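A.B. asks: First, the structure itself, so that you have it in front of you.
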Amino acid sequence: MASDPKSSGLAFVIMGVSGTGKSTVAEMLAKTLNCSFLEADDFHSKANKEKMRNGIPLTDEDRFPWLECLRDAIRIVMISGKSIVLTCSALQKKYREILRSSDPDYKAGQYSNCRVRFICLEAPVEVIADRIRSRSKEGKHFMPVSLLQSQLDLLQIDEVEGITKVDATTSLETIMDTLLQVLSKHIGSPLQVATSTSLR
């Protein structure tokens, strides 16, 4: 029987490339579930942010310390018995495995038993590019559109991981309804939310 998210110590990771609306969706989900919220970009080092501003793709050497810091922050929340919603690109399985290790009981490959669950937001390339350009002009994001292709090239999802995929071009209300239906099996009962907030 599924339990309340605040007592089960679950982590819901809203993942995908930049520009898919991860922060908007994650913040709304955290508010709905009355959980903590973390923005993975806040955990990047100054050096990482500077590289991205200059259009330089990050290497695994850059990413691993970032992911490990994020993992440690998630674990602190989870072992206290609380749940958390966070954003993280988490483009490859090896990156997701670092985040899954936030769950002290996780054993590699046992995805269905892991208390770290991933939801991938997807959208056509042209839609994502337009969003990134718009946000860059407004000074709301440090990643230039020139890095989008490198992220798309990195994105790999193995079907056995059981990652939920969601169309990020639909309304936020539709996205939330979809997420809450999928996550209801983890949080004990179906939930509903109504909002007119735009992902853009």
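A note on labels: chains of the structure tokens are A, B, ... as shown, every chain counts residues from 1, and ligands are counted from 1 in their shown order.
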Using DSSP assignments from the backbone, pull out every residue in chain A that falls under strand (DSSP E) and give it to me as an MDAnalysis selection string.
C.D. replies: chainID A and resid 11:15 36:39 84:87 116:122 164:167
A.B. asks: Would you list the contacts of Lys22 (chain A) as a list in words, taking every protein, DNA or RNA residue within 9 Å and counting only C-alpha atoms, but skipping same-chain residues closer than 5 positions in sequence?
C.D. replies: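 Listed by chain and then number, they are Ile14, Met15, Gly16, Val17, Glu27, Leu86, Thr87, Cys88, Ser89, Cys120, Leu121, Ala168 and Leu199 of chain A.
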A.B. asks: Using C-alpha atoms, can you export the residues from the last selection as a CSV table (one decimal), in the first residue's frame?
C.D. replies:
chain,number,residue,atom,x,y,z
A,14,ILE,CA,11.6,16.6,-13.3
A,15,MET,CA,14.2,16.0,-16.0
A,16,GLY,CA,14.9,16.8,-19.7
A,17,VAL,CA,16.8,19.4,-21.7
A,27,GLU,CA,7.5,24.1,-8.4
A,86,LEU,CA,13.5,18.8,-8.0
A,87,THR,CA,14.6,19.8,-11.4
A,88,CYS,CA,17.7,18.2,-13.1
A,89,SER,CA,18.5,17.6,-16.7
A,120,CYS,CA,11.0,13.6,-18.5
A,121,LEU,CA,9.4,16.6,-20.2
A,168,ALA,CA,5.7,19.7,-22.4
A,199,LEU,CA,5.0,27.2,-19.2
A.B. asks: Pick out each residue of region 2-173 of chain A that DSSP on the backbone tags as alpha helix (DSSP H); I need them as a PyMOL selection string.
C.D. replies: chain A and resi 5-8+22-33+46-53+60-79+93-100+125-137+148-154+172-173
A.B. asks: Extract, using only C-alpha atoms, all DNA, RNA and protein residues at most 12 Å from region 145-155 of chain A, discarding same-chain residues fewer than 5 positions from it, and format them as a PyMOL selection string.
C.D. replies: chain A and resi 15-20+51-60+89-96+120-137
A.B. asks: Measuring atom to atom with only C-alpha atoms, identify which of A:Arg100, A:Lys165, A:Lys49, A:Arg63 is nearest to Ala11 (chain A).
C.D. replies: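 With only C-alpha atoms as the atom set, the closest residue is A:Arg100.
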A.B. asks: Find, counting only C-alpha atoms, the residue in A:Leu29, A:His44, A:Phe12, A:Ile157 that gets nearest to Leu180 (chain A).
C.D. replies: A:Leu29
A.B. asks: Please determine, counting only C-alpha atoms, which residue among A:Ser83, A:Ser101, A:Thr169, A:Gln110 has the shortest atom-to-atom distance to Ser36 (chain A).
C.D. replies: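 For Ser36 (chain A), the nearest of the given residues is A:Ser83.
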A.B. asks: Which residue is closest to Val85 (chain A)? Choose from A:Cys114, A:Ala108, A:Ala26, A:Ala40 and count only C-alpha atoms.
C.D. replies: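 Using only C-alpha atoms, the shortest distance to Val85 (chain A) belongs to A:Ala26.
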A.B. asks: May I have the residues within 10 Å of region 103-105 of chain A as number ranges by chain, using only C-alpha atoms and disregarding those fewer than 3 positions away in the same chain?
C.D. replies: A: 9-11, 71, 74-76, 78-79, 98-100, 108, 113-116
A.B. asks: Could you give me, as a PyMOL selection string, the residues within 12 Å of Leu179 (chain A), counting only C-alpha atoms and dropping anything in the same chain fewer than 3 positions from it?
C.D. replies: chain A and resi 12-14+25-26+28-30+32-33+117-121+163-168+172-176+182-187+190-193
